[in-house]
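Visitor: Enclosed is the structure file model00.cif (mmCIF, C-alpha atoms and all ligand atoms).
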data_start
#
loop_
_atom_site.label_atom_id
_atom_site.label_comp_id
_atom_site.auth_asym_id
_atom_site.auth_seq_id
_atom_site.Cartn_x
_atom_site.Cartn_y
_atom_site.Cartn_z
CA MET A 1 28.74 20.03 -6.29
CA THR A 2 28.54 16.98 -4.02
CA SER A 3 25.70 14.53 -4.54
CA ALA A 4 24.69 11.83 -2.08
CA LEU A 5 21.85 9.35 -2.38
CA LEU A 6 19.64 8.98 0.66
CA PRO A 7 20.06 5.42 1.93
CA GLY A 8 17.03 3.28 1.02
CA HIS A 9 15.71 5.96 -1.36
CA PRO A 10 17.50 5.25 -4.62
CA HIS A 11 16.01 8.14 -6.58
CA ILE A 12 16.33 10.81 -3.90
CA ALA A 13 19.68 12.55 -3.58
CA ARG A 14 21.11 15.65 -1.94
CA ARG A 15 22.94 17.75 -4.52
CA GLY A 16 24.91 20.37 -2.70
CA ASN A 17 22.39 21.51 -0.11
CA ASP A 18 19.27 20.62 -2.08
CA LEU A 19 17.17 17.50 -2.05
CA THR A 20 16.31 16.16 -5.50
CA ILE A 21 14.13 13.39 -6.88
CA GLU A 22 15.29 11.89 -10.17
CA GLY A 23 17.56 14.93 -10.32
CA VAL A 24 14.66 17.43 -10.06
CA ALA A 25 14.95 19.93 -7.18
CA LEU A 26 12.14 19.46 -4.67
CA SER A 27 12.22 23.14 -3.73
CA GLY A 28 11.24 24.12 -7.28
CA LEU A 29 8.31 21.69 -7.25
CA ALA A 30 7.04 23.16 -3.97
CA ARG A 31 7.35 26.68 -5.39
CA ALA A 32 5.43 25.71 -8.51
CA HIS A 33 2.68 23.67 -6.89
CA GLY A 34 2.49 24.78 -3.25
CA THR A 35 2.55 22.65 -0.11
CA PRO A 36 1.67 20.15 1.21
CA LEU A 37 2.69 18.37 -1.99
CA PHE A 38 3.21 14.69 -2.67
CA VAL A 39 5.98 13.99 -5.17
CA TYR A 40 6.49 10.55 -6.68
CA SER A 41 9.32 9.13 -8.76
CA LYS A 42 8.16 6.94 -11.63
CA ALA A 43 11.65 5.42 -11.95
CA SER A 44 11.53 4.42 -8.31
CA MET A 45 8.18 2.64 -8.76
CA LEU A 46 9.44 0.81 -11.83
CA ALA A 47 12.67 -0.16 -10.05
CA ALA A 48 10.66 -1.63 -7.18
CA LEU A 49 8.51 -3.51 -9.68
CA ALA A 50 11.62 -4.76 -11.50
CA ALA A 51 12.79 -6.48 -8.30
CA TYR A 52 9.60 -8.56 -8.34
CA GLN A 53 9.94 -9.18 -12.08
CA ARG A 54 13.52 -10.45 -11.57
CA GLY A 55 12.26 -12.68 -8.76
CA PHE A 56 9.69 -14.20 -11.13
CA ALA A 57 11.92 -14.51 -14.21
CA GLY A 58 11.25 -17.86 -15.88
CA ARG A 59 8.21 -18.51 -13.65
CA LYS A 60 4.49 -18.16 -14.24
CA ALA A 61 3.54 -15.22 -12.08
CA LYS A 62 1.24 -12.21 -12.08
CA ILE A 63 1.93 -9.10 -10.03
CA CYS A 64 -1.33 -7.50 -8.88
CA TYR A 65 -0.55 -4.10 -7.37
CA ALA A 66 -2.50 -3.66 -4.10
CA MET A 67 -3.84 -0.27 -5.04
CA LYS A 68 -5.04 0.63 -1.56
CA ALA A 69 -1.43 1.69 -0.98
CA ASN A 70 -1.77 4.52 -3.49
CA SER A 71 -4.78 4.65 -5.77
CA SER A 72 -4.09 7.89 -7.64
CA LEU A 73 -4.98 7.38 -11.30
CA ALA A 74 -1.56 8.18 -12.74
CA VAL A 75 0.09 5.74 -10.31
CA LEU A 76 -2.32 3.03 -11.47
CA GLN A 77 -1.55 3.98 -15.05
CA VAL A 78 2.19 3.44 -14.45
CA PHE A 79 1.54 -0.08 -13.18
CA ALA A 80 -1.08 -0.90 -15.83
CA GLN A 81 1.35 0.12 -18.56
CA ALA A 82 4.05 -1.99 -16.91
CA GLY A 83 1.80 -5.04 -17.24
CA CYS A 84 0.53 -5.35 -13.66
CA GLY A 85 -2.86 -6.52 -12.55
CA PHE A 86 -4.57 -4.98 -9.52
CA ASP A 87 -5.72 -6.14 -6.11
CA ILE A 88 -8.84 -4.16 -5.21
CA VAL A 89 -11.01 -3.99 -2.10
CA SER A 90 -14.05 -2.01 -3.27
CA GLY A 91 -16.20 -1.17 -6.26
CA GLY A 92 -14.67 2.30 -6.17
CA GLU A 93 -11.21 0.82 -6.65
CA LEU A 94 -12.51 -1.12 -9.66
CA ASP A 95 -13.77 2.16 -11.16
CA ARG A 96 -10.30 3.64 -10.67
CA VAL A 97 -8.54 0.69 -12.36
CA LEU A 98 -10.80 1.00 -15.39
CA ALA A 99 -10.42 4.81 -15.47
CA ALA A 100 -6.63 4.38 -15.44
CA GLY A 101 -6.63 1.98 -18.39
CA GLY A 102 -6.28 -1.28 -16.43
CA LYS A 103 -8.03 -4.45 -17.57
CA ALA A 104 -10.84 -5.98 -15.52
CA ALA A 105 -9.56 -9.49 -16.32
CA ASP A 106 -6.36 -8.61 -14.42
CA VAL A 107 -8.24 -7.60 -11.27
CA ILE A 108 -8.56 -9.67 -8.11
CA PHE A 109 -11.08 -8.54 -5.51
CA SER A 110 -10.13 -8.95 -1.82
CA GLY A 111 -11.88 -7.73 1.33
CA VAL A 112 -14.13 -9.13 4.05
CA GLY A 113 -17.21 -7.03 3.31
CA LYS A 114 -18.01 -7.06 -0.39
CA THR A 115 -21.59 -5.92 -0.97
CA ARG A 116 -23.95 -7.56 -3.46
CA ALA A 117 -23.76 -4.43 -5.58
CA GLU A 118 -19.97 -4.61 -5.65
CA MET A 119 -20.08 -8.29 -6.58
CA GLN A 120 -22.51 -7.52 -9.39
CA LYS A 121 -20.36 -4.70 -10.70
CA ALA A 122 -17.23 -6.89 -10.64
CA LEU A 123 -19.06 -9.73 -12.42
CA ASP A 124 -20.35 -7.33 -15.07
CA ALA A 125 -16.83 -5.99 -15.59
CA GLY A 126 -15.45 -9.55 -15.82
CA ILE A 127 -12.76 -9.46 -13.12
CA GLY A 128 -10.19 -12.25 -12.89
CA CYS A 129 -10.90 -13.55 -9.38
CA PHE A 130 -12.87 -12.96 -6.20
CA ASN A 131 -10.71 -13.57 -3.14
CA VAL A 132 -13.46 -14.77 -0.83
CA GLU A 133 -12.95 -14.23 2.89
CA SER A 134 -15.77 -16.20 4.55
CA GLU A 135 -18.26 -18.99 4.04
CA ALA A 136 -21.11 -16.47 4.27
CA GLU A 137 -19.58 -14.42 1.46
CA LEU A 138 -19.28 -17.55 -0.67
CA GLU A 139 -23.02 -18.20 -0.37
CA VAL A 140 -23.90 -14.62 -1.32
CA LEU A 141 -21.49 -14.59 -4.27
CA SER A 142 -23.03 -17.84 -5.51
CA GLN A 143 -26.51 -16.27 -5.34
CA VAL A 144 -25.46 -13.05 -7.08
CA ALA A 145 -23.59 -14.88 -9.85
CA SER A 146 -26.35 -17.45 -10.41
CA ALA A 147 -29.02 -14.76 -10.58
CA ALA A 148 -26.96 -12.95 -13.20
CA GLY A 149 -26.36 -16.15 -15.17
CA LYS A 150 -22.62 -15.80 -14.63
CA THR A 151 -19.81 -17.84 -13.14
CA ALA A 152 -17.65 -16.13 -10.53
CA PRO A 153 -14.00 -17.24 -10.47
CA VAL A 154 -13.07 -17.72 -6.80
CA SER A 155 -10.09 -18.15 -4.57
CA ILE A 156 -10.46 -18.56 -0.82
CA ARG A 157 -8.32 -16.51 1.47
CA VAL A 158 -6.73 -18.75 4.04
CA ASN A 159 -5.79 -17.41 7.40
CA PRO A 160 -2.61 -19.41 8.05
CA ASN A 161 -2.30 -18.28 11.69
CA VAL A 162 1.26 -17.03 11.26
CA ASP A 163 2.69 -14.09 13.19
CA PRO A 164 4.17 -11.56 10.75
CA LYS A 165 5.89 -9.73 13.65
CA THR A 166 4.62 -6.33 12.63
CA HIS A 167 2.34 -3.66 14.16
CA PRO A 168 -0.89 -5.30 15.45
CA TYR A 169 -3.08 -3.02 13.30
CA ILE A 170 -1.38 -4.22 10.12
CA SER A 171 -1.08 -7.91 10.96
CA THR A 172 -3.84 -9.88 9.27
CA GLY A 173 -2.95 -13.58 9.29
CA LEU A 174 -3.46 -14.44 12.97
CA LYS A 175 -6.45 -16.29 14.39
CA GLY A 176 -7.75 -13.19 16.13
CA ASN A 177 -7.88 -11.18 12.87
CA LYS A 178 -11.06 -10.67 10.88
CA PHE A 179 -9.42 -11.78 7.63
CA GLY A 180 -9.67 -15.03 5.72
CA VAL A 181 -11.02 -18.49 6.51
CA ALA A 182 -9.46 -20.37 9.42
CA HIS A 183 -6.83 -22.87 8.32
CA GLU A 184 -8.79 -25.81 9.73
CA ARG A 185 -12.03 -24.73 7.96
CA THR A 186 -10.41 -24.28 4.58
CA LEU A 187 -10.88 -27.75 3.07
CA ASP A 188 -14.60 -27.79 3.93
CA THR A 189 -14.99 -24.30 2.54
CA TYR A 190 -13.42 -25.41 -0.76
CA LYS A 191 -15.77 -28.40 -0.90
CA ARG A 192 -18.70 -26.06 -0.39
CA ALA A 193 -17.38 -23.68 -3.09
CA ALA A 194 -17.02 -26.54 -5.55
CA ALA A 195 -20.61 -27.61 -4.90
CA LEU A 196 -22.27 -24.20 -5.12
CA PRO A 197 -23.78 -22.97 -8.40
CA GLY A 198 -22.32 -19.91 -10.11
CA LEU A 199 -18.81 -20.39 -8.73
CA LYS A 200 -15.63 -21.82 -10.21
CA VAL A 201 -12.70 -22.48 -7.91
CA VAL A 202 -9.54 -21.11 -9.53
CA GLY A 203 -7.08 -20.43 -6.74
CA ILE A 204 -6.04 -20.05 -3.13
CA ASP A 205 -4.72 -16.92 -1.46
CA CYS A 206 -3.29 -15.63 1.77
CA HIS A 207 -1.95 -12.35 3.10
CA ILE A 208 -0.42 -12.32 6.55
CA GLY A 209 0.25 -8.67 7.23
CA SER A 210 2.10 -5.60 6.12
CA GLN A 211 5.55 -4.07 6.61
CA ILE A 212 7.08 -7.54 7.06
CA THR A 213 10.86 -7.26 7.26
CA ASP A 214 11.85 -10.91 7.49
CA ASP A 215 11.27 -13.89 5.17
CA THR A 216 10.44 -16.40 7.93
CA PRO A 217 6.70 -15.57 8.22
CA TYR A 218 6.37 -15.93 4.45
CA LEU A 219 8.07 -19.33 4.46
CA ASP A 220 5.88 -20.49 7.34
CA ALA A 221 2.70 -19.27 5.66
CA MET A 222 3.75 -20.83 2.38
CA ASP A 223 4.21 -24.26 3.94
CA ARG A 224 0.76 -24.08 5.46
CA VAL A 225 -0.82 -22.96 2.18
CA LEU A 226 0.95 -25.73 0.23
CA ASP A 227 -0.28 -28.34 2.75
CA LEU A 228 -3.78 -27.08 2.05
CA VAL A 229 -3.32 -27.15 -1.74
CA GLU A 230 -2.30 -30.81 -1.43
CA ALA A 231 -5.38 -31.60 0.66
CA ILE A 232 -7.78 -29.64 -1.59
CA GLU A 233 -6.45 -31.23 -4.77
CA ALA A 234 -6.59 -34.68 -3.13
CA ALA A 235 -10.30 -33.95 -2.65
CA GLY A 236 -10.58 -33.52 -6.44
CA ILE A 237 -10.64 -29.70 -6.59
CA PRO A 238 -7.84 -28.36 -8.82
CA ILE A 239 -6.10 -25.16 -7.72
CA HIS A 240 -5.02 -23.16 -10.74
CA HIS A 241 -3.13 -20.35 -9.03
CA ILE A 242 -1.51 -19.69 -5.65
CA ASP A 243 -1.60 -16.08 -4.43
CA PHE A 244 0.77 -15.15 -1.61
CA GLY A 245 -0.60 -11.66 -1.02
CA GLY A 246 1.54 -8.63 -0.30
CA GLY A 247 3.17 -7.40 2.86
CA LEU A 248 6.84 -6.93 2.04
CA GLY A 249 8.19 -4.04 4.10
CA ILE A 250 10.27 -1.02 3.16
CA ASN A 251 12.97 0.98 4.87
CA TYR A 252 11.38 3.66 7.06
CA ASN A 253 13.94 3.93 9.82
CA GLY A 254 16.90 1.75 9.00
CA ASP A 255 14.67 -1.29 8.44
CA ALA A 256 16.32 -3.84 6.17
CA PRO A 257 13.62 -6.01 4.61
CA PRO A 258 14.69 -8.50 1.94
CA GLN A 259 14.47 -7.24 -1.63
CA ALA A 260 11.61 -8.81 -3.57
CA ASP A 261 13.96 -10.81 -5.81
CA ALA A 262 15.88 -12.22 -2.83
CA LEU A 263 12.64 -13.03 -0.98
CA TRP A 264 11.29 -14.87 -4.00
CA ALA A 265 14.56 -16.74 -4.51
CA SER A 266 14.13 -18.21 -1.03
CA LEU A 267 10.40 -18.85 -1.57
CA PHE A 268 11.04 -20.59 -4.90
CA ALA A 269 13.73 -22.75 -3.30
CA ARG A 270 11.04 -24.01 -0.95
CA LEU A 271 8.41 -24.26 -3.71
CA ASP A 272 10.78 -26.23 -5.97
CA ALA A 273 11.72 -28.54 -3.11
CA ARG A 274 8.03 -29.29 -2.58
CA GLY A 275 7.32 -29.74 -6.29
CA PHE A 276 5.24 -26.58 -6.71
CA GLY A 277 7.76 -24.44 -8.60
CA ASP A 278 5.95 -24.55 -11.95
CA ARG A 279 2.55 -23.42 -10.63
CA GLN A 280 0.88 -20.15 -11.57
CA PHE A 281 1.63 -17.59 -8.81
CA MET A 282 0.21 -14.23 -7.89
CA VAL A 283 1.35 -11.59 -5.49
CA GLU A 284 -0.37 -8.45 -4.22
CA PRO A 285 2.37 -6.00 -3.24
CA GLY A 286 1.37 -2.47 -2.29
CA ARG A 287 3.78 -0.62 -0.01
CA SER A 288 6.94 -2.19 -1.45
CA LEU A 289 6.09 -0.85 -4.94
CA VAL A 290 5.30 2.75 -4.01
CA GLY A 291 6.27 3.53 -0.41
CA ASN A 292 9.76 4.80 -0.99
CA ALA A 293 8.90 6.31 -4.37
CA GLY A 294 7.16 9.24 -2.70
CA VAL A 295 7.80 12.18 -0.41
CA CYS A 296 5.49 14.78 1.06
CA LEU A 297 6.80 18.34 0.94
CA SER A 298 5.66 20.71 3.64
CA GLU A 299 6.51 24.23 4.77
CA VAL A 300 7.64 25.08 8.27
CA LEU A 301 5.06 27.57 9.56
CA TYR A 302 6.22 28.28 13.10
CA LEU A 303 8.83 27.21 15.62
CA LYS A 304 7.44 27.07 19.13
CA PRO A 305 10.01 26.49 21.86
CA GLY A 306 8.71 25.06 25.12
CA GLU A 307 9.88 23.90 28.52
CA GLN A 308 9.41 20.22 27.79
CA LYS A 309 9.22 20.14 24.02
CA ASN A 310 10.07 22.30 21.09
CA PHE A 311 7.47 22.18 18.35
CA CYS A 312 8.08 22.59 14.67
CA ILE A 313 4.67 23.31 13.16
CA ILE A 314 4.41 22.42 9.49
CA ASP A 315 1.58 22.80 6.99
CA ALA A 316 1.09 19.04 6.49
CA ALA A 317 -0.96 17.25 9.13
CA MET A 318 -2.47 13.95 10.17
CA ASN A 319 -5.13 14.33 7.50
CA ASP A 320 -2.34 14.21 4.87
CA LEU A 321 0.00 11.78 6.67
CA PRO A 322 -2.16 9.62 8.96
CA ARG A 323 0.35 6.85 9.69
CA PRO A 324 2.12 8.38 12.72
CA ALA A 325 -1.21 9.13 14.45
CA MET A 326 -2.69 5.74 13.58
CA TYR A 327 0.25 3.38 14.05
CA GLN A 328 2.90 5.47 15.80
CA ALA A 329 4.72 5.03 12.48
CA PHE A 330 8.10 6.58 11.79
CA HIS A 331 8.68 8.70 8.69
CA ALA A 332 12.08 10.31 8.23
CA ILE A 333 11.94 14.11 7.90
CA GLU A 334 14.63 15.95 5.94
CA PRO A 335 15.11 19.65 5.31
CA VAL A 336 14.69 20.25 1.58
CA SER A 337 17.53 22.80 1.52
CA ALA A 338 20.08 22.08 4.22
CA ARG A 339 21.28 25.10 6.24
CA ASP A 340 24.95 25.47 6.99
CA THR A 341 24.68 27.86 9.91
CA ALA A 342 21.56 27.82 12.12
CA PRO A 343 21.60 25.47 15.15
CA VAL A 344 20.20 21.95 15.21
CA VAL A 345 17.29 21.73 17.66
CA THR A 346 15.22 18.70 18.69
CA TYR A 347 11.58 19.17 17.72
CA ASP A 348 8.30 17.38 17.72
CA VAL A 349 7.15 17.99 14.17
CA VAL A 350 3.41 18.57 14.23
CA GLY A 351 0.62 19.72 11.95
CA PRO A 352 -2.12 22.36 12.31
CA VAL A 353 -4.95 19.91 13.08
CA CYS A 354 -6.62 20.34 16.46
CA GLU A 355 -5.59 17.01 17.97
CA SER A 356 -2.69 16.12 20.21
CA GLY A 357 -2.35 13.02 18.04
CA ASP A 358 -1.50 15.25 15.09
CA TRP A 359 2.22 14.65 15.02
CA ILE A 360 4.37 13.66 12.08
CA GLY A 361 7.66 13.00 13.88
CA ARG A 362 8.81 13.02 17.49
CA ASP A 363 12.15 14.18 18.88
CA ARG A 364 13.69 15.03 15.54
CA PRO A 365 16.94 16.97 15.39
CA LEU A 366 16.37 19.58 12.69
CA ASN A 367 18.03 22.70 11.45
CA VAL A 368 15.08 24.72 10.10
CA GLN A 369 13.53 28.17 10.17
CA PRO A 370 9.97 29.32 9.38
CA GLY A 371 9.47 29.33 5.63
CA ASP A 372 11.85 26.40 5.09
CA LEU A 373 10.62 23.26 3.39
CA VAL A 374 10.85 19.77 4.82
CA ALA A 375 10.38 16.46 3.02
CA VAL A 376 8.57 13.67 4.84
CA LEU A 377 10.04 10.51 3.35
CA SER A 378 8.51 7.11 2.56
CA ALA A 379 5.22 8.86 1.83
CA GLY A 380 4.29 7.01 -1.35
CA ALA A 381 2.19 4.34 0.36
CA TYR A 382 -0.82 4.68 2.66
CA CYS A 383 -0.60 8.46 2.88
CA MET A 384 -2.60 10.08 0.06
CA SER A 385 -4.84 7.01 -0.17
CA MET A 386 -5.67 7.40 3.54
CA ALA A 387 -5.88 11.20 3.52
CA SER A 388 -9.02 12.84 4.88
CA ASN A 389 -10.66 16.24 4.98
CA TYR A 390 -10.58 16.54 8.76
CA ASN A 391 -10.67 20.19 9.85
CA THR A 392 -11.96 20.94 6.31
CA ARG A 393 -8.45 20.69 4.99
CA GLY A 394 -8.31 20.08 1.26
CA ARG A 395 -6.28 17.09 0.22
CA ALA A 396 -2.80 17.86 -1.09
CA ALA A 397 -1.74 18.09 -4.73
CA GLU A 398 0.37 15.31 -6.27
CA VAL A 399 3.16 15.40 -8.81
CA LEU A 400 4.78 12.54 -10.72
CA VAL A 401 8.39 13.04 -11.78
CA ASP A 402 9.49 11.03 -14.81
CA GLY A 403 13.07 11.95 -15.68
CA ASP A 404 13.05 15.61 -16.60
CA ARG A 405 9.27 15.65 -17.02
CA VAL A 406 7.06 16.76 -14.16
CA HIS A 407 3.35 15.93 -14.28
CA LEU A 408 0.76 17.41 -11.96
CA ILE A 409 -1.35 14.27 -11.40
CA ARG A 410 -3.81 15.66 -8.86
CA GLU A 411 -4.89 19.23 -8.28
CA ARG A 412 -5.04 20.55 -4.77
CA GLU A 413 -8.54 20.03 -3.41
CA THR A 414 -10.52 23.23 -2.82
CA THR A 415 -13.20 23.94 -0.25
CA ALA A 416 -15.68 24.06 -3.15
CA ASP A 417 -14.64 20.50 -4.04
CA GLN A 418 -15.25 19.48 -0.46
CA ILE A 419 -18.70 20.96 -0.02
CA ARG A 420 -20.03 19.92 -3.43
CA GLY A 421 -22.91 17.58 -2.68
CA GLU A 422 -23.73 19.14 0.69
CA ARG A 423 -27.08 20.91 1.15
CA LEU A 424 -28.37 23.58 3.51
CA VAL A 425 -31.89 22.92 4.77
CA SER A 426 -34.68 25.34 3.89
N1 LIG A 501 -3.33 -7.87 -0.11
C1 LIG A 501 -4.22 -7.77 0.90
C2 LIG A 501 -5.32 -8.72 0.97
C3 LIG A 501 -4.07 -6.76 1.86
O1 LIG A 501 -4.96 -6.68 2.85
C4 LIG A 501 -3.01 -5.83 1.75
C5 LIG A 501 -2.85 -4.75 2.72
C6 LIG A 501 -2.12 -5.97 0.67
C7 LIG A 501 -2.30 -7.01 -0.23
C8 LIG A 501 -0.96 -5.04 0.46
O2 LIG A 501 -0.06 -5.08 1.53
P1 LIG A 501 1.36 -4.31 1.43
O3 LIG A 501 2.15 -4.98 0.35
O4 LIG A 501 1.07 -2.90 1.08
O5 LIG A 501 1.94 -4.46 2.76
N2 LIG A 501 -2.50 1.31 6.26
C9 LIG A 501 -1.47 0.43 6.77
C10 LIG A 501 -1.30 -0.80 5.92
C11 LIG A 501 -2.57 -1.60 5.75
C12 LIG A 501 -2.40 -2.79 4.86
C13 LIG A 501 -3.69 -3.45 4.60
N3 LIG A 501 -3.63 -4.55 3.71
C14 LIG A 501 -0.17 1.22 6.90
O6 LIG A 501 -0.16 2.40 6.60
O7 LIG A 501 0.85 0.69 7.34
#
Would you mind writing the file's structure down as structure tokens?
Guide:
Amino acid sequence: MTSALLPGHPHIARRGNDLTIEGVALSGLARAHGTPLFVYSKASMLAALAAYQRGFAGRKAKICYAMKANSSLAVLQVFAQAGCGFDIVSGGELDRVLAAGGKAADVIFSGVGKTRAEMQKALDAGIGCFNVESEAELEVLSQVASAAGKTAPVSIRVNPNVDPKTHPYISTGLKGNKFGVAHERTLDTYKRAAALPGLKVVGIDCHIGSQITDDTPYLDAMDRVLDLVEAIEAAGIPIHHIDFGGGLGINYNGDAPPQADALWASLFARLDARGFGDRQFMVEPGRSLVGNAGVCLSEVLYLKPGEQKNFCIIDAAMNDLPRPAMYQAFHAIEPVSARDTAPVVTYDVVGPVCESGDWIGRDRPLNVQPGDLVAVLSAGAYCMSMASNYNTRGRAAEVLVDGDRVHLIRERETTADQIRGERLVS
């Protein structure tokens, strides 16, 4: 039987006609667990993590998985067991880290809108660092920590005003974005942080955007951050760690981002040249650790030929896979069992949700019939974690494949699950 790896998806291969993940046939998983079904490869996640670990070999660095990319408990457990910390953006994400066996001390808390209650909860848990995003937040954190008799470890997120050359909705480090403190305000903000009670400055952080496929924006942002570290330390405020955020892209559609180890080799060349190579570093990768470790399996319900478009209607929709509707994002779509005979037709692949924006792929040549399964690729990041119940659709089930072991890590959501907590009026 022939076996071919899918380019950019090292643990997905076609064996004969059938798509497999870590050697396990996807069709069998769909039969056992139904569709839509997210399937993740543990080996693929660990391989992506290993690229970062190679990049940091011999350096002082902590990898904090940006769990917004995929916050399912078993996924967090994989990264906790592999020694990662976590980048969180809500009190709910902190609850998930702790439920998955992660340590609060390894948590950094990002986000522009932390509430007092979330700050309190994170202080009580003893998280490693608050990545503060504004002067106003700094004042509130100081009040909350002082009132609790605690000291909050803080880093200030710098907005380096660098263009990451990605989709505008996922670019975060430009002046017009809501994130971080403006480059020119940073030194004053650090002085304020150092003077406020209940705070201890421990680091500096930045994150310029997501799905970055080139190392130039990183190098530019790094230079600007290092200039600031020099200025802040010259003002007598030591910076213990430097956090470069996440953002490294993955291959969706022939994209060729640098591998994490190659990216960090070029970043360390610059860091060494500027005398910063032996500092404590942090990174917050999300997509690059999980994106290509997952697929979403879906059944073809109907084929609907039309004058202008042919539609292939599948049972996964924008509530399961929101990225095409939100960012016009491309996800490759592959038949799970390739047909040898039926004709290839160009389809818009769409879901059952009552919105014209509910499309998963446009103009895709496919050879499928009703009842066939398709795999939507690169579905490990920002799919399940962004899934909704729109149209009262239950969220999909999830499976983690680990060699020849298959774990159901999330049951399919029922309507009873969805309406729990709702009340009729009397
Ligand atoms: N750190 C911070 C502060 C972030 O805001 C983000 C992502 C990350 C780390 C992780 O970035 P990554 O390594 O995953 O690129 N929903 C969008 C992506 C939003 C990213 C938001 N921030 C999408 O589906 O493309």
Visitor: Record the distance separating CA of Gly55 (chain A) and CA of Leu267 (chain A), expressed in Å with one decimal.
Guide: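 Separation of CA of Gly55 (chain A) and CA of Leu267 (chain A): 9.7 Å.
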Visitor: Report as a PyMOL selection string which protein, DNA and RNA residues come within 7 Å of ligand LIG 501 (chain A), using all atoms listed in the file.
Guide: chain A and resi 66+69+87+110-111+170+207+209-211+245-249+284-288+323+381-382
Visitor: Excluding region 192-204 of chain A and its own-chain neighbours fewer than 5 positions away, which residues fall within 10 Å of it when counting all atoms listed in the file? Please give them as number ranges by chain.
Guide: A: 128-132, 135, 138-139, 141-158, 186-187, 225-226, 228-229, 232, 236-244, 280-282
Visitor: Nearest to Leu37 (chain A) among A:Asn319, A:Ser298, A:Ser388, A:Thr415, with distances taken over only C-alpha atoms: which residue is it?
Guide: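 Looking at the shortest contact to Leu37 (chain A), the residue is A:Ser298.
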Visitor: Go through A:Lys62, A:Lys121, A:Arg224, A:Arg31 and flag the residue nearest Ala104 (chain A), using all atoms listed in the file for the distances.
Guide: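 Comparing A:Lys62, A:Lys121, A:Arg224, A:Arg31 against Ala104 (chain A), the winner is A:Lys121.
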Visitor: Could you state the separation of CA of Glu22 (chain A) and CA of Ala50 (chain A) in Å, given to one decimal place?
Guide: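 Interatomic distance, CA of Glu22 (chain A) to CA of Ala50 (chain A): 17.1 Å.
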Visitor: Write out as JSON, numbers by chain which residues come within 12 Å of region 3-11 of chain A when counting only C-alpha atoms, dropping same-chain ones fewer than 4 positions away.
Guide: {"A": [15, 16, 17, 18, 19, 20, 21, 22, 23, 24, 25, 39, 40, 41, 42, 43, 44, 45, 46, 47, 48, 249, 250, 251, 252, 253, 254, 255, 256, 257, 259, 288, 290, 291, 292, 293, 294, 295, 332, 333, 334, 377, 378, 379, 380, 401, 402, 403]}
Visitor: My list of candidates is A:Ala100, A:Ile212, A:Val399, A:Ala61. Which is closest to Arg279 (chain A) when distances are computed with only C-alpha atoms?
Guide: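 Of the candidates, the smallest distance to Arg279 (chain A) is held by A:Ala61.
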Visitor: Tell me which protein, DNA and RNA residues are within 9 Å of Glu118 (chain A), counting only C-alpha atoms, leaving out same-chain ones fewer than 5 positions away, and put them as a list in words.
Guide: Ser90, Gly91, Gly92 and Leu123 of chain A
Visitor: Using all atoms listed in the file, which residue out of A:Ala235, A:Trp264, A:Asn161, A:Asp272 lies closest to Asp220 (chain A)?
Guide: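 With all atoms listed in the file as the atom set, the closest residue is A:Asn161.
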Visitor: Please provide the set of residues having any atom within 8 Å of Asp348 (chain A), restricted to all atoms listed in the file, with same-chain residues fewer than 3 positions apart removed, written as a list in words.
Guide: Lys309, Asn310, Phe311, Cys312, Trp359, Ile360, Gly361, Arg362, Asp363 and Arg364 of chain A
Visitor: How would the residues just chosen look if you wrote them out with C-alpha atoms as an mmCIF file, keeping the file's coordinate frame?
Guide:
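Result file is out25.cif:
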data_model
loop_
_atom_site.group_PDB
_atom_site.id
_atom_site.type_symbol
_atom_site.label_atom_id
_atom_site.label_comp_id
_atom_site.auth_asym_id
_atom_site.auth_seq_id
_atom_site.Cartn_x
_atom_site.Cartn_y
_atom_site.Cartn_z
ATOM 1 C CA LYS A 309 9.220 20.140 24.020
ATOM 2 C CA ASN A 310 10.070 22.300 21.090
ATOM 3 C CA PHE A 311 7.470 22.180 18.350
ATOM 4 C CA CYS A 312 8.080 22.590 14.670
ATOM 5 C CA TRP A 359 2.220 14.650 15.020
ATOM 6 C CA ILE A 360 4.370 13.660 12.080
ATOM 7 C CA GLY A 361 7.660 13.000 13.880
ATOM 8 C CA ARG A 362 8.810 13.020 17.490
ATOM 9 C CA ASP A 363 12.150 14.180 18.880
ATOM 10 C CA ARG A 364 13.690 15.030 15.540
#
Visitor: List the spatial neighbours of Gly102 (chain A) as a list in words - criterion: any atom at most 10 Å away, all atoms listed in the file, same-chain residues fewer than 2 positions off excluded.
Guide: Leu76, Gln77, Val78, Phe79, Ala80, Gln81, Gly83, Cys84, Gly85, Phe86, Leu94, Asp95, Arg96, Val97, Leu98, Ala99, Ala100, Ala104, Ala105, Asp106 and Val107 of chain A
Visitor: Enter the distance from CA of Val350 (chain A) to CA of Leu289 (chain A), in Å, rounded to one decimal.
Guide: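 Answer for the CA of Val350 (chain A) to CA of Leu289 (chain A) separation: 27.4 Å.
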Visitor: Around all of region 295-303 of chain A's listed atoms, make the axis-aligned box with 5 Å on each side and tell me centre and edge lengths in Å to one decimal, as JSON.
Guide:
{"center_x": 6.9, "center_y": 20.2, "center_z": 7.6, "size_x": 13.8, "size_y": 26.1, "size_z": 26.0}
Visitor: Hey, can you pull every residue with an atom no more than 12 Å from (-5.4, 25.7, 13.2), using only C-alpha atoms, and send it as a PyMOL selection string?
Guide: chain A and resi 301-302+313-317+350-355+358+390-393
Visitor: Measuring between all atoms listed in the file, which one of A:Val406, A:Leu366, A:Ile108, A:Ile63 shows the shortest distance to Asp340 (chain A)?
Guide: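 Ranking A:Val406, A:Leu366, A:Ile108, A:Ile63 by distance to Asp340 (chain A), first place goes to A:Leu366.
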